[in-house]
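Engineer: Okay, handing you the structure first.
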Amino acid sequence: MPCQELVELVSDYLEGALSPVDRARFEAHIRQCEGCTHYLEQIRLTIRLAGRLTAESMSQEARDTLLRAFHDWRSTS
């Protein structure tokens, strides 16, 4: 599995949505690729940290920055 394919499948992997064959290919790649292993851990950490955020725990400036970023992202997709 090339690194680009792994990046495209990481969400499905973490959600347990890959077929057994694709999961095995994904895990074989992770065992051999330090960069992709690091990327997978970054995504796991991001999910863990984002799950702790609440609107009340963020400053108004941080909320506004995120809203602008997502608005801009949607506009270009």
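Chain labels A, B, ... are given in the sequence in which chains occur in the structure tokens; within each chain residues are numbered consecutively from 1, and ligands are likewise numbered from 1 in the order shown.
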Near stretch 34-39 of chain A, within 12 Å and counting only C-alpha atoms, which residues show up once chain neighbours fewer than 5 positions away are dropped, as an MDAnalysis selection string?
Structural biologist: chainID A and resid 1:11 26:29 44:46
Engineer: Could you tell me how far atom CA of A:His71 sits from atom CA of A:Ser59, in Å to one decimal place?
Structural biologist: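 Pair atom CA of A:Ser59 / atom CA of A:His71 returns 18.4 Å.
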Engineer: Atom CA of A:Glu41 and atom CA of A:Thr65, how far apart in Å?
Structural biologist: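 Here the two named atoms are 25.2 Å from each other.
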Engineer: Can you list every residue in stretch 16-63 of chain A that DSSP puts in alpha helix (DSSP H), as a PyMOL selection string?
Structural biologist: chain A and resi 20-32+34-50+60-63
Engineer: Work out how far atom CA of A:Leu49 is from atom CA of A:Cys33, in Å to one decimal.
Structural biologist: 24.5 Å
Engineer: Smallest atom-to-atom distance to A:Ile30: which of A:Arg48, A:Thr54, A:Tyr13, A:Arg63, using only C-alpha atoms?
Structural biologist: A:Tyr13
